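Everything below concerns the one structure shown next.
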Amino acid sequence: MAEPIRVLVVDDHAVVREGLRTYLELQDGVAVVGEAGDGEAAIREAQALRPDVILMDLVMPRLDGAAAMRELRRLLPATRVIVLTSFADDARLLPAIRAGAAGYLLKDAEPREVVRAIRAASAGEALLDPSVAARVVEAIARPAAAEPAERLTPRERQVLGLIARGMPNKLIARELGIAEKTVKTHVGHVLAKLAVSDRTQAALYAVRTGLVDPVGERSGPTDPVDES
């Protein structure tokens, strides 16, 4: 008899995890080996349990699904990740696909579709929600262009991360051990490369693309002076 497909369920809502576990445990050839409530826990559990397939929510505390997927792809390249989310907008869909999702389903999918996606992922195939598949095809058809974040230098990425945590230039300078004037230059470069007009938009971009923790603690008060 073939070994069952080992599944890890990752969602920040306990009721969702319980519902998925209850249904999946009734399916032949599928075994739920664990659960996690956020991306950081998912990485820990995946390393310990070595599941074949992970059902992954995208919007979670501490570490979101796309960021967790990128790390899992590095640590456990044989493990396949299926996104199961309420969101189909490009800001979440495309980063998840680029992170290596082996499937992308919306939470209103029929339960049998979830099982079908698990079996497909285990077999090395991919299953996308029809509405999601259409958007992926459109994205592929667009002319290739570098992601704005890819144009940032390592130091500019550091500055962007601290901007997203609410730090004014003075605190960023202290944190990085550089002059405040240098920070202001870096901030200007970040805004230009991301094609945004202010620090708030830059911070939203950083959170949306998984460059920083969406629930990270602010490290200091926001300076009321315009520092762009």
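Identifiers for the structure tokens are assigned positionally: chains receive A, B, ... in sequence, residues are indexed from 1 per chain, and ligands are indexed from 1 in the order shown.
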
For stretch 101-107 of chain A, list every protein, DNA or RNA residue within 6 Å, evaluated using only C-alpha atoms, and leave out those in the same chain fewer than 5 positions away; present the list as a tab-separated table (two decimals) with C-alpha atoms, in the first residue's frame.
chain	number	residue	atom	x	y	z
A	80	ARG	CA	5.13	21.37	-2.24
A	81	VAL	CA	3.08	24.34	-1.03
A	82	ILE	CA	-0.54	25.02	-1.99
A	83	VAL	CA	-1.89	28.48	-1.22
A	84	LEU	CA	-5.39	28.46	0.29
A	85	THR	CA	-6.51	32.04	0.76
A	86	SER	CA	-9.39	34.50	0.50
A	96	ALA	CA	3.02	33.62	-4.11
A	121	ALA	CA	0.95	18.77	-5.92
A	126	ALA	CA	-0.04	22.30	-10.15
A	127	LEU	CA	-3.69	23.20	-9.75
A	128	LEU	CA	-4.93	26.79	-9.85
A	129	ASP	CA	-8.37	28.22	-9.22

If we count only C-alpha atoms, what is near A:Ile54 at a cut-off of 9 Å, once residues fewer than 3 positions away on the same chain are taken out, given as a PyMOL selection string? chain A and resi 6-10+42+46+51+79-83+118

From a DSSP pass on the backbone, collect the residues of chain A flagged as strand (DSSP E) and hand them back as a list in words.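 Matching residues for strand (DSSP E) in chain A are Ile5, Arg6, Val7, Leu8, Val9, Val10, Val30, Ala31, Val32, Val33, Gly34, Glu35, Ala36, Val53, Ile54, Leu55, Met56, Arg80, Val81, Ile82, Val83, Leu84, Thr85, Gly103, Tyr104, Leu105, Leu106, Leu127 and Leu128 of chain A.
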
Taking only C-alpha atoms into account, which of A:Ala91, A:Val59, A:Val53, A:Ala192 comes nearest A:Gly124?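 Among the listed residues, the smallest separation from A:Gly124 belongs to A:Val53.
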
Using only C-alpha atoms, which residues sit within 8 Å of stretch 32-39 of chain A once same-chain residues fewer than 4 positions away are excluded, as a JSON list (two decimals) with N, CA and C atoms, in the first residue's frame?
[["chain", "number", "residue", "atom", "x", "y", "z"],
["A", 6, "ARG", "N", 1.57, 13.24, 3.20],
["A", 6, "ARG", "CA", 1.68, 13.91, 4.50],
["A", 6, "ARG", "C", 1.44, 15.41, 4.32],
["A", 7, "VAL", "N", 0.45, 15.93, 5.04],
["A", 7, "VAL", "CA", 0.01, 17.32, 4.84],
["A", 7, "VAL", "C", 0.17, 18.12, 6.12],
["A", 8, "LEU", "N", 0.71, 19.33, 5.99],
["A", 8, "LEU", "CA", 0.77, 20.29, 7.08],
["A", 8, "LEU", "C", -0.21, 21.41, 6.76],
["A", 9, "VAL", "N", -1.08, 21.76, 7.71],
["A", 9, "VAL", "CA", -2.10, 22.79, 7.52],
["A", 9, "VAL", "C", -1.65, 24.07, 8.23],
["A", 10, "VAL", "N", -1.57, 25.17, 7.49],
["A", 10, "VAL", "CA", -1.10, 26.44, 8.04],
["A", 10, "VAL", "C", -2.14, 27.52, 7.82],
["A", 11, "ASP", "N", -2.70, 28.02, 8.92],
["A", 11, "ASP", "CA", -3.70, 29.10, 8.87],
["A", 11, "ASP", "C", -3.76, 29.73, 10.25],
["A", 12, "ASP", "N", -3.97, 31.05, 10.30],
["A", 12, "ASP", "CA", -3.99, 31.69, 11.61],
["A", 12, "ASP", "C", -5.33, 31.56, 12.32],
["A", 13, "HIS", "N", -6.32, 30.94, 11.68],
["A", 13, "HIS", "CA", -7.61, 30.71, 12.33],
["A", 13, "HIS", "C", -7.76, 29.24, 12.71],
["A", 14, "ALA", "N", -7.89, 29.00, 14.00],
["A", 14, "ALA", "CA", -7.98, 27.62, 14.49],
["A", 14, "ALA", "C", -9.16, 26.88, 13.89],
["A", 17, "ARG", "N", -8.22, 25.57, 10.49],
["A", 17, "ARG", "CA", -7.32, 24.42, 10.60],
["A", 17, "ARG", "C", -8.09, 23.17, 11.01],
["A", 21, "ARG", "N", -8.49, 19.78, 8.81],
["A", 21, "ARG", "CA", -8.01, 18.51, 9.36],
["A", 21, "ARG", "C", -9.14, 17.48, 9.38],
["A", 24, "LEU", "N", -9.87, 16.36, 5.72],
["A", 24, "LEU", "CA", -8.77, 15.64, 5.07],
["A", 24, "LEU", "C", -8.52, 14.27, 5.68],
["A", 25, "GLU", "N", -8.76, 14.14, 6.98],
["A", 25, "GLU", "CA", -8.53, 12.85, 7.62],
["A", 25, "GLU", "C", -9.55, 11.80, 7.19],
["A", 43, "ILE", "N", 7.42, 27.10, 9.27],
["A", 43, "ILE", "CA", 8.79, 26.70, 8.94],
["A", 43, "ILE", "C", 9.32, 25.72, 9.97],
["A", 45, "GLU", "N", 7.57, 23.71, 11.99],
["A", 45, "GLU", "CA", 6.86, 22.44, 11.89],
["A", 45, "GLU", "C", 7.26, 21.67, 10.64],
["A", 49, "LEU", "N", 8.59, 17.94, 10.68],
["A", 49, "LEU", "CA", 7.68, 16.90, 10.20],
["A", 49, "LEU", "C", 7.95, 16.44, 8.77],
["A", 51, "PRO", "N", 6.65, 17.38, 5.74],
["A", 51, "PRO", "CA", 5.44, 17.01, 5.00],
["A", 51, "PRO", "C", 5.68, 16.98, 3.50],
["A", 60, "MET", "N", -1.08, 36.20, 7.45],
["A", 60, "MET", "CA", -0.92, 35.66, 8.80],
["A", 60, "MET", "C", 0.00, 36.57, 9.60],
["A", 61, "PRO", "N", -0.06, 36.52, 10.93],
["A", 61, "PRO", "CA", 0.85, 37.33, 11.75],
["A", 61, "PRO", "C", 2.27, 36.80, 11.72],
["A", 62, "ARG", "N", 3.20, 37.63, 12.19],
["A", 62, "ARG", "CA", 4.61, 37.30, 12.38],
["A", 62, "ARG", "C", 5.36, 37.08, 11.07],
["A", 63, "LEU", "N", 4.89, 36.19, 10.22],
["A", 63, "LEU", "CA", 5.52, 35.98, 8.92],
["A", 63, "LEU", "C", 4.43, 35.53, 7.96],
["A", 64, "ASP", "N", 4.25, 36.26, 6.86],
["A", 64, "ASP", "CA", 3.14, 35.92, 5.97],
["A", 64, "ASP", "C", 3.48, 34.70, 5.11],
["A", 65, "GLY", "N", 2.47, 34.23, 4.37],
["A", 65, "GLY", "CA", 2.62, 32.99, 3.62],
["A", 65, "GLY", "C", 3.67, 33.06, 2.54],
["A", 67, "ALA", "N", 6.37, 34.98, 2.31],
["A", 67, "ALA", "CA", 7.72, 34.98, 2.89],
["A", 67, "ALA", "C", 8.08, 33.60, 3.41],
["A", 68, "ALA", "N", 7.11, 32.93, 4.06],
["A", 68, "ALA", "CA", 7.36, 31.58, 4.55],
["A", 68, "ALA", "C", 7.66, 30.62, 3.41]]

DSSP helix (DSSP H, G or I) selection over stretch 15-201 of chain A, as a ChimeraX atom specification: /A:15-24,39-49,65-75,90-98,111-122,130-141,148-151,154-164,169-176,180-194,199-201
